[in-house]
Amino acid sequence: MDAAAPFPAVAPALETRGLVKDFPVGLRGMKLRAVDHLDLTVPAGVIYGLLGPNGSGKSTTIKALLGLVAPSAGECRVFGVPSPRVEARRAVGYLPESPYFYRHLTGRELVRFYARMGGVSRREVDGRSDEALAAVGLRDAADRRVGTYSKGMLQRVGLAQAMVHDPQLLILDEPTAGVDPLGAAAIGELILRLKARGKTVVITSHLLGQIEDVCDRIAILDRGRLVLEGAVGDLVGRKDRQALVVEALPESELAELKAWLAARGRVLEAVETPRARLDRIFLDRIGRRDGAEEERA
Amino acid sequence: MNRVPFSPLRTWLIAQNTLLEAVRQRLFHFIVFLALALVLGARWLRDFNFGAPELKFLADCGFGAMTFFGAALTITATAQLFFSEIENRTALTLLAKPVWRAEFVAGKYLGTVLLAGGFCALLTGLLMAVLWVREGELMAEFPETFTAGRTVSYGMVALAGAFQWLKLAVLAAFGLLVASYAQTQLFAMASGFFVLVICHLQYLAQEAYARAGSLAGELAGRLLAGLVPNFQVFAVADSLLAEDFPGGGAVARVALYGAGYAAVALGLAIYCFRHREI
């Protein structure tokens with residue numbers, strides 16, 4: 001079985017058309033609509049963020065795309081293949097939200113198991129598993145039982161199992177939940193590396209800053225409906241405004257600048273002190289300390 | 001689009017993982033330990049032999065341990081190993097791979113059957129060793145009773161162990177059928193024990209219906225006999241004597257009877273699980 005078998009090149013990585021998912025609640029035939037007529041297209045080769053508050057239908061949409069729940073109406077396709085078909089999952093790697101893996105296996109055994117299930121041959125399985133474990137920084141803990149892993153390590157071994165069979169599409173449900181900022185940054189870098197290799201990555205996350213940093217496009221869901229979709233640059237950028245960063249100006253020069261702009265019919269709307277992002281400061285300090293410790297070791 | 005066919009390899013990998021999960025759990029170690037202790041300790045319980053010959057009593061103890069602890073092991077393993085996949089959401093990750101649900105259910109079943117097989121083989125081997133040693137001691141003590149050599153047929157003991165395994169395989173299939181649609185592990189386990197009791201006692205119900213002499217009773221008896229396997233069928237090799245060997249035809253009929261029920265229950269379990277939302 002070829003894990004990365006070709007799909008039609010023109011087909012989008014993911015597609016839903018009129019997707020509806022109702023869950024029965026109570027005994028009177030009442031239903032809760034988790035996904036409401038969702039039309040979504042994820043082009044191949046992009047990093048796509050699926051955003052929304054809790055209960056907005058993100059995880060249900062993903063489960064429908066993976067054929068784990070049956071749509072009440074509408075259809076889902078993965079690289080043009082209808083989701084209920086097993087073939088649709090051939091080119092997919094999936095990291096579920098709050099992953100929980102077989103505690104009785106070691107990290108290496110776990111990744112090897114999922115590699116074989118994903119179609120990696122016996123001859124290749126050791127090399128692929130080692131590569132995947134190294135990519136997520138778990139090589140040193142690979143022979144420990146998964147039951148002893150921290151939450152962050154579980155996320156990382158989950159990522160390793162999702163990508164071990166080299167799928168064209170990775171669906172990562174909250175990949176940085178419970179991971180410290182260093183780990184989250186490493187996962188962000190890994191996602192960018194996957195994109196550079198031509199993979200499509202779909203991420204759901206509550207960490208909007210991280211989504212903004214890595215995603216090409218986003219969709220925002222609310223109560224199962226699509227409320228916004230587009231390229232991140234188009235959605236967050238304002239093309240009618242510019243920010244100029246200069247050395248701190250004394251009051252007199254600032255007044256001169258305002259007068260100069262006013263003479264040209266322009267208005268200086270805001271004068272602010274640029275702020276460094278807290279995650280960048282954290283990564284800079286902790287990353288530097290860890291680097292120095294590694295050098296000493 | 002290339003089809004993904006049903007894969008015996010993936011089924012085998014799931015079975016291996018299921019078996020490994022079971023043998024690395026303390027609960028299963030405990031059940032196996034209790035069963036082994038009962039077989040080993042049977043010779044010190046021979047005062048409670050209810051008049052049966054000593055070697056027969058030892059064998060009954062061994063097969064009793066196999067039936068009781070084997071059923072507990074099978075029912076617990078089937079429900080626990082299946083539900084842990086659903087409740088811990090490991091099934092999500094597994095079924096998000098190109099894996100047929102039939103492979104998942106069949107793999108879980110095969111893993112449980114292998115576990116039961118290992119258990120039966122271990123206990124049968126131990127029972128044979130206990131019988132061999134005790135028979136040797138009795139031969140030395142009472143040579144006049146053993147003028148024709150050893151009396152125990154160890155082939156019969158092995159056959160009885162194999163039938164115990166077959167019985168547990170049928171029980172596992174029914175347990176999996178319940179687990180495939182049950183919403184809680186407790187319900188699946190309770191139902192498993194319920195099935196065990198019905199299967200062991202259904203012949204009594206059939207006899208009672210037959211004695212009643214009414215058409216409705218006869219129909220109810222036949223319906224029960226068709227729906228539920230009769231576990232007494234697997235007791236054909238409980239004798240220790242070679243001359244009681246039931247014959248190849250009878251052995252094949254029992255094997256087909258067990259395999260048939262297991263296949264139907266497993267097929268229904270796969271059908272139920274195909275439509276289950278994870």
# chains A, B, ... in the order shown; residues from 1 in each chain; ligands from 1
$ select_by_dssp --residues "segment 203-262 of chain B" --states "helix (DSSP H, G or I)" --output "PDB file with C-alpha atoms, in the first residue's frame"
ATOM      1  CA  TYR B 203     -30.031 -26.567  28.097  1.00  0.00           C
ATOM      2  CA  LEU B 204     -32.007 -26.534  31.372  1.00  0.00           C
ATOM      3  CA  ALA B 205     -34.520 -24.141  29.846  1.00  0.00           C
ATOM      4  CA  GLN B 206     -34.784 -26.354  26.763  1.00  0.00           C
ATOM      5  CA  GLU B 207     -35.445 -29.417  28.917  1.00  0.00           C
ATOM      6  CA  ALA B 208     -38.055 -27.533  30.933  1.00  0.00           C
ATOM      7  CA  TYR B 209     -39.822 -26.358  27.765  1.00  0.00           C
ATOM      8  CA  ALA B 210     -39.716 -29.897  26.374  1.00  0.00           C
ATOM      9  CA  ARG B 211     -41.231 -31.291  29.586  1.00  0.00           C
ATOM     10  CA  ALA B 212     -44.039 -28.718  29.464  1.00  0.00           C
ATOM     11  CA  LEU B 215     -46.171 -26.023  21.263  1.00  0.00           C
ATOM     12  CA  ALA B 216     -45.344 -22.535  22.505  1.00  0.00           C
ATOM     13  CA  GLY B 217     -42.837 -23.974  24.956  1.00  0.00           C
ATOM     14  CA  GLU B 218     -41.239 -26.082  22.266  1.00  0.00           C
ATOM     15  CA  LEU B 219     -40.956 -23.088  19.945  1.00  0.00           C
ATOM     16  CA  ALA B 220     -39.469 -20.966  22.730  1.00  0.00           C
ATOM     17  CA  GLY B 221     -36.946 -23.709  23.426  1.00  0.00           C
ATOM     18  CA  ARG B 222     -35.956 -23.945  19.783  1.00  0.00           C
ATOM     19  CA  LEU B 223     -35.665 -20.188  19.476  1.00  0.00           C
ATOM     20  CA  LEU B 224     -33.434 -20.042  22.536  1.00  0.00           C
ATOM     21  CA  ALA B 225     -31.318 -22.922  21.232  1.00  0.00           C
ATOM     22  CA  GLY B 226     -30.883 -21.155  17.917  1.00  0.00           C
ATOM     23  CA  LEU B 227     -30.081 -17.720  19.259  1.00  0.00           C
ATOM     24  CA  PHE B 231     -21.909 -24.130  26.311  1.00  0.00           C
ATOM     25  CA  GLN B 232     -22.520 -27.684  27.533  1.00  0.00           C
ATOM     26  CA  VAL B 233     -21.639 -28.770  23.987  1.00  0.00           C
ATOM     27  CA  PHE B 234     -18.013 -27.910  24.740  1.00  0.00           C
ATOM     28  CA  ALA B 235     -17.877 -30.299  27.722  1.00  0.00           C
ATOM     29  CA  ALA B 242      -8.864 -42.296  26.390  1.00  0.00           C
ATOM     30  CA  GLU B 243     -11.813 -44.603  25.728  1.00  0.00           C
ATOM     31  CA  ASP B 244     -14.175 -41.618  26.209  1.00  0.00           C
ATOM     32  CA  GLY B 248     -13.085 -36.979  15.078  1.00  0.00           C
ATOM     33  CA  GLY B 249     -16.597 -36.329  13.761  1.00  0.00           C
ATOM     34  CA  ALA B 250     -17.876 -35.100  17.107  1.00  0.00           C
ATOM     35  CA  VAL B 251     -14.814 -32.919  17.598  1.00  0.00           C
ATOM     36  CA  ALA B 252     -15.301 -31.364  14.149  1.00  0.00           C
ATOM     37  CA  ARG B 253     -19.009 -30.769  14.832  1.00  0.00           C
ATOM     38  CA  VAL B 254     -18.229 -28.980  18.111  1.00  0.00           C
ATOM     39  CA  ALA B 255     -15.523 -26.915  16.407  1.00  0.00           C
ATOM     40  CA  LEU B 256     -17.931 -25.918  13.617  1.00  0.00           C
ATOM     41  CA  TYR B 257     -20.674 -25.185  16.130  1.00  0.00           C
ATOM     42  CA  GLY B 258     -18.399 -22.799  18.071  1.00  0.00           C
ATOM     43  CA  ALA B 259     -16.845 -21.244  14.976  1.00  0.00           C
ATOM     44  CA  GLY B 260     -20.277 -20.690  13.440  1.00  0.00           C
ATOM     45  CA  TYR B 261     -21.650 -18.857  16.459  1.00  0.00           C
ATOM     46  CA  ALA B 262     -18.440 -16.821  16.800  1.00  0.00           C
TER      47      ALA B 262
END
$ residues_around --residues "Thr61 of chain A" --least-positions-apart "4" --cutoff "7 Å" --atoms "only C-alpha atoms" --output "list of chain:residue names"
A:Val35, A:Gly57, A:Leu65
$ interface_residues --of "chain B" --to "chain A" --cutoff "7 Å" --atoms "only C-alpha atoms" --output "number ranges by chain"
B: 3-4, 10, 21, 24, 88-90, 93, 96-100, 277-278
$ residues_around --residues "segment 149-152 of chain B" --least-positions-apart "6" --cutoff "9 Å" --atoms "only C-alpha atoms" --output "VMD selection string"
chain B and resid 55 to 56 131 to 132 135 to 136 139 143 240 to 242
$ select_by_dssp --residues "segment 75-248 of chain A" --states "strand (DSSP E or B)" --output "PyMOL selection string"
chain A and resi 75-78+81-82+92-95+106+145+169-173+200-204+217-222+225-231
$ closest_atom_pairs --of "segment 6-101 of chain A" --to "segment 191-205 of chain A" --cutoff "6 Å" --atoms "only C-alpha atoms" --output "Markdown table"
| residue | atom | partner | partner_atom | distance |
| --- | --- | --- | --- | --- |
| A:Ala44 | CA | A:Thr200 | CA | 5.5 |
| A:Gly45 | CA | A:Thr200 | CA | 4.4 |
| A:Val46 | CA | A:Thr200 | CA | 5.1 |
| A:Ile47 | CA | A:Val201 | CA | 4.7 |
| A:Tyr48 | CA | A:Val202 | CA | 4.7 |
| A:Gly49 | CA | A:Ile203 | CA | 4.9 |
| A:Leu50 | CA | A:Thr204 | CA | 4.8 |
| A:Leu51 | CA | A:Thr204 | CA | 5.8 |
